[in-house]
There are 4 protein chains.
Amino acid sequence: MTLLEREVYRENQADLLSRYRRVRHETELLADPLSPEDMQLQSMPDASPSKWHLAHTSWFFETFILRSSLPGYRVFDSDYHELFNSYYNSLGTPFSRPHRGMLSRPDLESVFAYRQAVDGAMDELLADHPVGDSLQSLITLGLNHEQQHQELLLTDIKHAFSISPLFPAYSETVQEPEDEDVLAPAAMTWLDVAGGNYAIGSEGDHFFFDNESPAHRQLLQDFQIASRLVTNREFLEFIEDGGYRDPRLWLSDGWALVKSGQREMPLYWQWRDGRWMQFTLGGLQPLIEDEPVCHLNFYEADAFATWAGKRLPTEFEWEVAACQLRQPDQLARANLLEKRQFRPLPAVSGQNQFLGDLWEWTSSAYLPYPGFRASADAVGEYNGKFMCNQKVLRGGSCVTPADHIRMTYRNFFYPHQAWQFTGIRLAGDPV
Amino acid sequence: MTLLEREVYRENQADLLSRYRRVRHETELLADPLSPEDMQLQSMPDASPSKWHLAHTSWFFETFILRSSLPGYRVFDSDYHELFNSYYNSLGTPFSRPHRGMLSRPDLESVFAYRQAVDGAMDELLADHPVGDSLQSLITLGLNHEQQHQELLLTDIKHAFSISPLFPAYSETVQEPEDEDVLAPAAMTWLDVAGGNYAIGSEGDHFFFDNESPAHRQLLQDFQIASRLVTNREFLEFIEDGGYRDPRLWLSDGWALVKSGQREMPLYWQWRDGRWMQFTLGGLQPLIEDEPVCHLNFYEADAFATWAGKRLPTEFEWEVAACQLRQPDQLARANLLEKRQFRPLPAVSGQNQFLGDLWEWTSSAYLPYPGFRASADAVGEYNGKFMCNQKVLRGGSCVTPADHIRMTYRNFFYPHQAWQFTGIRLAGDPV
Amino acid sequence: MTLLEREVYRENQADLLSRYRRVRHETELLADPLSPEDMQLQSMPDASPSKWHLAHTSWFFETFILRSSLPGYRVFDSDYHELFNSYYNSLGTPFSRPHRGMLSRPDLESVFAYRQAVDGAMDELLADHPVGDSLQSLITLGLNHEQQHQELLLTDIKHAFSISPLFPAYSETVQEPEDEDVLAPAAMTWLDVAGGNYAIGSEGDHFFFDNESPAHRQLLQDFQIASRLVTNREFLEFIEDGGYRDPRLWLSDGWALVKSGQREMPLYWQWRDGRWMQFTLGGLQPLIEDEPVCHLNFYEADAFATWAGKRLPTEFEWEVAACQLRQPDQLARANLLEKRQFRPLPAVSGQNQFLGDLWEWTSSAYLPYPGFRASADAVGEYNGKFMCNQKVLRGGSCVTPADHIRMTYRNFFYPHQAWQFTGIRLAGDPV
Amino acid sequence: MTLLEREVYRENQADLLSRYRRVRHETELLADPLSPEDMQLQSMPDASPSKWHLAHTSWFFETFILRSSLPGYRVFDSDYHELFNSYYNSLGTPFSRPHRGMLSRPDLESVFAYRQAVDGAMDELLADHPVGDSLQSLITLGLNHEQQHQELLLTDIKHAFSISPLFPAYSETVQEPEDEDVLAPAAMTWLDVAGGNYAIGSEGDHFFFDNESPAHRQLLQDFQIASRLVTNREFLEFIEDGGYRDPRLWLSDGWALVKSGQREMPLYWQWRDGRWMQFTLGGLQPLIEDEPVCHLNFYEADAFATWAGKRLPTEFEWEVAACQLRQPDQLARANLLEKRQFRPLPAVSGQNQFLGDLWEWTSSAYLPYPGFRASADAVGEYNGKFMCNQKVLRGGSCVTPADHIRMTYRNFFYPHQAWQFTGIRLAGDPV
């Protein structure tokens, strides 16, 4: 059963329209601190310009919904079909990814006009036409897709800004806490989870991505999992203990990266004038030791766990533990995008950080769940074709929207990548 | 429990010595058709010169056994410690892998002298000294290690020879079968396996690699699996149907490889003078359509399966099916190294090809089994540090020694690699 | 004698100020058609964003003149010192060249404010302070430097725009001529020049770059030189005759480039829908056969000459011939920047195209003239350190300012580069 | 007038045959210390295996002489035509240069058999057939070609051996001098040469390469040139003075190489256990300070000259000075191949080192002399197509045969290359 075939939560169309407006507006709020020049930046092939994110998310609604489902809809600009196609080969050859930053035309104004035109048409569709289940599914998918790009917009501009010697701040509100003591993190404790055949993945009438399905069972053994994320202080111990110089701690591919000189500290760290600094969305700031360590690649997370005599959890262990420890107000309290912190925060007592703060590397390879089949149409390219060479991350980060994340949510990146807000939760086998 | 801590099958020392002699002799037999110049060749960083294989396997016995366990043993040449260390960082910095082909010194004669010296010392050790369990384990590991290099010696020289316009033959016995009709392969049928909690991996008193343990259970769903490997004829249909031109069939990383122009047919295939040719260990020969298709990378195997409306099996499905279909004389009948065919053969009736012919790509990432821990000493680098970015292959090939392969054996290569004897077995979900 | 030690043409300060204003204003006129996003683009390390050109040229005046010579001058922004330093290592480590396009900050508005501040200060300097010879020299150097960047601004944006599938037009005035017949180029004839010891290079009281000096004599043999540039029509003959497939026509390094698939036609040419198109500063347009062929690298120019049974001239032959054929109104009639054609034009009768239209590849390596020494200060890095691996081009192009070019002017680029307006003039030995 | 059209010195055929035998025998003597494995090594695309040199030089005689000129000659092995073609595109596609080390077949024995067969046929040709002028020219060219490969055989094996941690010695006779005092080099003095129109290049009835012609005149200014090569001691002063850290001393492309970490000392130098070592053809040895500094690339030579307040000579200055200072017994006394020193030696009093010891980088780009035209046939590819991006070196080295070098001889390499025996002679302008 593919993403579009299944039953979805039937929403009142007015509610869907209101959600559409809210999500689309949020994207524009996030772009607000950026100049036209900022939004043009592409600092590496993995990242995209902010302007491109603004356009591509609109392209998604135009391409998958308006073209086929709004009677009389006229395409805004036929050139955009190629320019703002990300990777849907079924729809033609997408414009070269590493060159997205070369698209000065259309200019920002035109891209906002494009957004407006698409929003007007979506308004018309949702206000004036009865929208069936599969179309609702597609619109909901489009909104979740837009939320993914909200997060990418922030991680991509962070990377671009990090290259400038000016270290521009995206947001002045990302400040060093005045009184560190208040924020002293809770101690790391160990939670025991018993083995068994556990339910994994999503099913039913709420939204979830196809890669979270089919819901199925996984046989787990007894395991332990940590009560919070690893902190900068703890990671500094690893560094000072020679962690980056000891090959026995590293996976072979990770060690090759270290030896090639490409990694000797987390991304965005700098040793400057006798102290550790960290580039943040608030500019270059002193490292806060009680904050969770972030912008690690998978190899670093794994090496740290080995050094600590522990391991990373599998994605199934993570999901089972996170569900068992779920708290009623967890989502509301979690450090997610709506908090506008734009950085992970020290764990306060009673918080387990499963949701928000940082995406947590798991030891699991990103693979299809048993029985998974991508849908045969273009939307089928959404997730399935990436199920090779990547690792699963769980839990969302400080720049993930709260109504986007779930305990079953599977994010995925290559093991060498560190420009997302990524961190470490330790796990282990029972003693 | 690591490789060296566990109980192993206690062998009579005389039997072990006799096995030692047999395995070591086999390596030299395999090197016999090669000249000193041939044995110097290194055609890519993934491959090693034959001479290096001859030396490194001896280095293994010297380093892990003789140095510590044979009283009075004198190291053959202290320079060899660095030169013939493959990747054991715990033992010092190994000589640069991509430059192994630059070691004209020691010359071949010296390497054979090295083998002789090690063999003499091992003889002495096994004939004159009581050898405890853990030392027996290490010697057995060394023999299995040598068998792995026997296979690599053949795949590496095949790759090196493939670069020469002379297309040298390693063995004249690798001939085109005279009467193709005799070899018409059995039809592909589908075997149904019921789901359940299955035992996976090895335990007990016979030899197995640490990555096959701990033995544990995996929960599987019902599945189907094919009765034989995919043939060249079947793969040609994929090509002729535009398989290499249709992005919808490919994983994203595989399609990137195809688009970059690096793959448009299996490795070693050539279209020449109006017909398909294939470079084999017997030189350049016409493609035999009924033979299993080989030298595919994982992406090609996966794309073929998608095109066929099927999928690759997981390594657990493979193991369960292979064990269920095990036949009493299977190992003896399988096309393994001892048959000296040096190529896969068409499946004859009654043979399921689970063992021998070709390593079969599974959809499983190469990951540790639950509870796996590499041993803390240098031997711990053997398998564990490669458990990232690679795929599991199962079943052995036409160049795998018969007493080396097992149903639980886990081989692993990167998805882009194709110079091993690799092939496809299809699987699917129940209809 | 270095650039700054020599006597220069003493100008009335008021004239110098007026020239300063004119040159600076011209830069801004050229930037006028571009949006903030356009001016952010950097399409390759060789090219720079328009915004960077605007800032760097101001940096030059601030760094070399205002800082030291205007009493009380306050640096506009101390961060700019690193950001807009091109390659003057004596002044600190310049910001990474390939990342110039990552500088969204300062934004365009700030860069214009920078220009204004610098212009105000230069106004003050030239209006209110007596300016000595060496300072006049430096200001004149700064203006010539700015004119070089005017040309680069256009060639760099042309390259950036060429990457977009929209093929944006920089200027709508670059139009296909309506009546091609009018433009039929003059026939190519051959001019004979007698050998001898000829004066080469510049000296005296007008401006010239240090690399044009010392004036000296070169011994030349008799030679022939063509009366005009090679046309697209003539280059098409080369293509159709298999010019890009015949290794005998090419220098070894050029053939390596062709074989690697990187060149099979001039840069910016496309074969589209059955006809040749060419990307121009007016967008994608049909190729005009009578126009001079442009955007060739040196290897292409050389291969064409070989194919034609001729050769390229040396820079000395070029200079001698150009001076002998100099016409009174040549500069005024030449197709230079002020004509705002932004493309080369067919040669009309009586015009020899030595000045304007296209930079002409010579066979000469870019080397110091006998007795050349770069000045010891930072300005000494201007030209001298590039005197290796590059080729001399002569004569200016359709985007070179008229009061910037001279018969002795030596431009230089690497042989593989083609994004400047480069073309071919043939030469030969006497028959 | 191309190489083959001109008059050559008419030799008695018996003399030519005797010279043929001597040159061919010398190649084999030079290969004698090498094992079949050594002769297989190719350590970089610039270098070739010794075995390949042995075969290619024979291929030259077979291809250009025997095939067309010896009646009834039967090609030794038709496969060799492609395998041992270096870069003559007119004769078909040569086998991929970077893969020459992959040719284990033919084995060394076969290559020696090839040499023997070619030598037998050449004997027959020269003993039994009248050989005309142009054929004599070709044979002489073939012998000079072979001598070039004698030098390359030594520089290439030196590079290959340098990669092994064993630092094998090619020759045990390359020893550290026992008494350094004896070898204290002559002081560096400055020779003044007056300017004028000087004769350059070769003409007449002796052998020379086409790139040394046409003989012509060059107008030179007064200059100074040093009486000997720069020593290791002098180069160490440059290093200790921060020469590799000061961008002002370097050409831009050279500085880029230094910054990329690829150069911080001459090739083959090592700082080991508190002293400078140097890899030589006699293995790793302590650096001898009075020996000429060698294995520099052009950028290093140029930077040293700049640091010393001098410059490199042009190739014309070099030739004029070397001819003026020519001594009657210079060739016999020079440290050339026949001396079997395999390393440069300190200059003794009265010796100017213009011939032998080291190839001397000149500031001249490798360009055709006025009126040069490569011959139209395959031999025309010999020199002409390389006349771009390379620098001229003059004077021969300690591994150049004495009857191969001339004052007019033009060698050429890319500025970044240092594996030839290359060194520095300083020049300057008159004070």
# chains A, B, ... in the order shown; residues from 1 in each chain; ligands from 1

$ select_by_dssp --residues "range 284-326 of chain C" --states "helix (DSSP H, G or I)" --output "VMD selection string"
chain C and resid 298 to 307 315 to 324

$ residues_around --residues "Arg263 in chain B" --least-positions-apart "4" --cutoff "10 Å" --atoms "only C-alpha atoms" --output "list in words"
Tyr244, Gly254, Trp255, Ala256, Leu257, Val258, Lys259, Leu267, Leu296, Asn297, Glu300 and His416 of chain B

$ interface_residues --of "chain B" --to "chain D" --cutoff "7 Å" --atoms "only C-alpha atoms" --output "list in words"
Pro36, Glu37, Asp38, Gln40, Leu41, Ser43, Met102, Leu103, Ser104, Asp107, Ala160 and Ser164 of chain B

$ residues_around --residues "range 188-201 of chain C" --least-positions-apart "3" --cutoff "8 Å" --atoms "only C-alpha atoms" --output "short mmCIF file (atom, residue, chain, number, x, y, z; two decimals) with all heavy atoms, in the first residue's frame"
data_model
loop_
_atom_site.label_atom_id
_atom_site.label_comp_id
_atom_site.auth_asym_id
_atom_site.auth_seq_id
_atom_site.Cartn_x
_atom_site.Cartn_y
_atom_site.Cartn_z
N GLU C 212 54.58 45.79 -19.84
CA GLU C 212 54.86 46.29 -21.19
C GLU C 212 56.26 46.89 -21.27
O GLU C 212 56.67 47.38 -22.32
CB GLU C 212 53.83 47.35 -21.58
CG GLU C 212 52.40 46.84 -21.58
CD GLU C 212 51.38 47.97 -21.70
OE1 GLU C 212 51.43 48.71 -22.68
OE2 GLU C 212 50.52 48.09 -20.79
N SER C 213 56.95 46.88 -20.17
CA SER C 213 58.27 47.48 -20.12
C SER C 213 59.28 46.45 -19.62
O SER C 213 58.88 45.43 -19.08
CB SER C 213 58.27 48.71 -19.19
OG SER C 213 58.23 48.26 -17.84
N PRO C 214 60.58 46.66 -19.71
CA PRO C 214 61.21 47.80 -20.39
C PRO C 214 61.02 47.73 -21.91
O PRO C 214 60.98 46.63 -22.49
CB PRO C 214 62.70 47.61 -20.05
CG PRO C 214 62.76 46.66 -18.91
CD PRO C 214 61.56 45.80 -19.03
N ALA C 215 60.90 48.91 -22.50
CA ALA C 215 60.93 48.96 -23.96
C ALA C 215 62.28 48.39 -24.38
O ALA C 215 63.29 48.62 -23.73
CB ALA C 215 60.78 50.40 -24.43
N HIS C 216 62.27 47.63 -25.46
CA HIS C 216 63.50 46.97 -25.87
C HIS C 216 63.36 46.56 -27.32
O HIS C 216 62.32 46.82 -27.95
CB HIS C 216 63.74 45.74 -24.99
CG HIS C 216 62.73 44.66 -25.19
ND1 HIS C 216 61.42 44.79 -24.76
CD2 HIS C 216 62.80 43.46 -25.81
CE1 HIS C 216 60.75 43.70 -25.09
NE2 HIS C 216 61.55 42.89 -25.72
N ARG C 217 64.35 45.94 -27.86
CA ARG C 217 64.28 45.52 -29.26
C ARG C 217 64.18 44.00 -29.37
O ARG C 217 64.73 43.28 -28.54
CB ARG C 217 65.49 46.02 -30.04
CG ARG C 217 65.48 47.53 -30.17
CD ARG C 217 66.35 48.08 -31.26
NE ARG C 217 65.92 49.46 -31.49
CZ ARG C 217 65.11 49.82 -32.49
NH1 ARG C 217 64.72 48.93 -33.38
NH2 ARG C 217 64.71 51.08 -32.61
N GLN C 218 63.44 43.56 -30.35
CA GLN C 218 63.35 42.14 -30.67
C GLN C 218 63.72 41.96 -32.12
O GLN C 218 63.29 42.74 -32.98
CB GLN C 218 61.92 41.63 -30.44
CG GLN C 218 61.50 41.51 -28.99
CD GLN C 218 61.99 40.22 -28.34
OE1 GLN C 218 62.39 39.28 -29.03
NE2 GLN C 218 61.96 40.19 -27.01
N LEU C 219 64.48 40.93 -32.37
CA LEU C 219 64.87 40.61 -33.74
C LEU C 219 63.81 39.72 -34.37
O LEU C 219 63.56 38.61 -33.89
CB LEU C 219 66.22 39.88 -33.70
CG LEU C 219 66.77 39.32 -35.02
CD1 LEU C 219 66.84 40.40 -36.10
CD2 LEU C 219 68.17 38.74 -34.77
N LEU C 220 63.16 40.21 -35.39
CA LEU C 220 62.12 39.43 -36.07
C LEU C 220 62.57 39.03 -37.48
O LEU C 220 63.36 39.74 -38.10
CB LEU C 220 60.82 40.23 -36.19
CG LEU C 220 60.18 40.71 -34.91
CD1 LEU C 220 58.80 41.30 -35.21
CD2 LEU C 220 60.05 39.56 -33.92
N GLN C 221 62.03 37.92 -37.94
CA GLN C 221 62.25 37.53 -39.33
C GLN C 221 61.06 38.01 -40.18
O GLN C 221 60.04 38.41 -39.63
CB GLN C 221 62.38 36.01 -39.40
CG GLN C 221 63.47 35.49 -38.46
CD GLN C 221 63.87 34.07 -38.76
OE1 GLN C 221 63.32 33.42 -39.64
NE2 GLN C 221 64.88 33.59 -38.02
N ASP C 222 61.20 37.97 -41.47
CA ASP C 222 60.08 38.35 -42.34
C ASP C 222 58.85 37.50 -41.97
O ASP C 222 58.99 36.31 -41.69
CB ASP C 222 60.41 38.05 -43.82
CG ASP C 222 61.61 38.86 -44.31
OD1 ASP C 222 62.05 39.78 -43.59
OD2 ASP C 222 62.09 38.54 -45.40
N PHE C 223 57.69 38.09 -42.01
CA PHE C 223 56.47 37.30 -41.76
C PHE C 223 55.28 37.91 -42.48
O PHE C 223 55.34 39.03 -42.98
CB PHE C 223 56.20 37.19 -40.26
CG PHE C 223 55.82 38.48 -39.59
CD1 PHE C 223 54.48 38.84 -39.40
CD2 PHE C 223 56.80 39.37 -39.14
CE1 PHE C 223 54.13 40.03 -38.78
CE2 PHE C 223 56.47 40.57 -38.53
CZ PHE C 223 55.12 40.90 -38.35
N GLN C 224 54.22 37.14 -42.50
CA GLN C 224 52.94 37.56 -43.06
C GLN C 224 51.89 37.58 -41.96
O GLN C 224 51.96 36.76 -41.04
CB GLN C 224 52.46 36.55 -44.09
CG GLN C 224 53.26 36.46 -45.34
CD GLN C 224 52.51 35.60 -46.36
OE1 GLN C 224 51.90 34.60 -46.01
NE2 GLN C 224 52.54 36.03 -47.59
N ILE C 225 50.93 38.44 -42.09
CA ILE C 225 49.86 38.45 -41.09
C ILE C 225 48.54 38.77 -41.79
O ILE C 225 48.52 39.48 -42.81
CB ILE C 225 50.18 39.44 -39.95
CG1 ILE C 225 49.33 39.13 -38.71
CG2 ILE C 225 50.03 40.89 -40.41
CD1 ILE C 225 49.89 39.70 -37.43
N ALA C 226 47.45 38.23 -41.26
CA ALA C 226 46.15 38.35 -41.93
C ALA C 226 45.53 39.72 -41.69
O ALA C 226 45.77 40.36 -40.67
CB ALA C 226 45.20 37.26 -41.45
N SER C 227 44.70 40.12 -42.62
CA SER C 227 44.11 41.46 -42.58
C SER C 227 42.89 41.55 -41.66
O SER C 227 42.38 42.63 -41.41
CB SER C 227 43.69 41.87 -43.99
OG SER C 227 42.70 40.97 -44.48
N ARG C 228 42.41 40.42 -41.20
CA ARG C 228 41.24 40.45 -40.30
C ARG C 228 41.17 39.16 -39.49
O ARG C 228 41.97 38.23 -39.71
CB ARG C 228 39.94 40.65 -41.08
CG ARG C 228 39.65 39.55 -42.08
CD ARG C 228 38.17 39.43 -42.40
NE ARG C 228 37.91 38.51 -43.49
CZ ARG C 228 37.84 37.19 -43.35
NH1 ARG C 228 38.08 36.60 -42.21
NH2 ARG C 228 37.57 36.42 -44.41
N PHE C 316 55.27 39.74 -30.64
CA PHE C 316 56.11 40.79 -31.22
C PHE C 316 55.70 41.06 -32.66
O PHE C 316 55.61 42.21 -33.09
CB PHE C 316 57.57 40.38 -31.11
CG PHE C 316 57.93 39.98 -29.71
CD1 PHE C 316 58.36 38.68 -29.41
CD2 PHE C 316 57.78 40.88 -28.65
CE1 PHE C 316 58.66 38.30 -28.12
CE2 PHE C 316 58.08 40.49 -27.34
CZ PHE C 316 58.52 39.21 -27.08
N GLU C 319 52.58 43.09 -32.55
CA GLU C 319 52.77 44.49 -32.18
C GLU C 319 53.37 45.30 -33.33
O GLU C 319 52.94 46.42 -33.62
CB GLU C 319 53.66 44.57 -30.93
CG GLU C 319 53.81 45.97 -30.37
CD GLU C 319 54.54 45.97 -29.02
OE1 GLU C 319 54.37 45.00 -28.23
OE2 GLU C 319 55.29 46.93 -28.75
N VAL C 320 54.35 44.69 -33.98
CA VAL C 320 54.99 45.39 -35.10
C VAL C 320 53.98 45.62 -36.23
O VAL C 320 53.87 46.73 -36.77
CB VAL C 320 56.21 44.58 -35.59
CG1 VAL C 320 56.70 45.07 -36.94
CG2 VAL C 320 57.32 44.64 -34.54
N ALA C 321 53.23 44.57 -36.56
CA ALA C 321 52.25 44.70 -37.64
C ALA C 321 51.18 45.72 -37.27
O ALA C 321 50.80 46.57 -38.08
CB ALA C 321 51.62 43.34 -37.95
N THR C 408 50.75 48.16 -27.39
CA THR C 408 51.75 47.42 -26.61
C THR C 408 51.14 46.62 -25.46
O THR C 408 51.84 45.96 -24.70
CB THR C 408 52.78 48.39 -25.99
OG1 THR C 408 52.10 49.27 -25.10
CG2 THR C 408 53.49 49.19 -27.07
N PRO C 430 56.92 33.87 -44.87
CA PRO C 430 56.84 34.29 -46.28
C PRO C 430 56.90 33.07 -47.19
O PRO C 430 57.63 32.12 -46.89
CB PRO C 430 58.08 35.17 -46.48
CG PRO C 430 58.70 35.36 -45.14
CD PRO C 430 58.15 34.34 -44.22
N LEU D 219 68.44 38.48 -30.38
CA LEU D 219 69.04 39.71 -29.85
C LEU D 219 69.04 39.63 -28.32
O LEU D 219 67.99 39.54 -27.69
CB LEU D 219 68.20 40.90 -30.33
CG LEU D 219 68.56 42.28 -29.79
CD1 LEU D 219 70.04 42.62 -30.02
CD2 LEU D 219 67.67 43.34 -30.46
#

$ closest_atom_pairs --of "range 41-146 of chain C" --to "range 385-390 of chain C" --cutoff "12 Å" --atoms "only C-alpha atoms" --output "JSON lines"
{"residue": "C:Tyr87", "atom": "CA", "partner": "C:Lys385", "partner_atom": "CA", "distance": 10.3}
{"residue": "C:Tyr88", "atom": "CA", "partner": "C:Lys385", "partner_atom": "CA", "distance": 10.5}
{"residue": "C:Asn89", "atom": "CA", "partner": "C:Lys385", "partner_atom": "CA", "distance": 11.2}

$ select_by_dssp --residues "range 259-403 of chain C" --states "strand (DSSP E)" --output "VMD selection string"
chain C and resid 269 to 272 275 to 280 283 to 286 359 to 365 391 to 394

$ atom_distance --atom1 "CA of Ser349 in chain A" --atom2 "CA of Gln278 in chain A"
25.1 Å
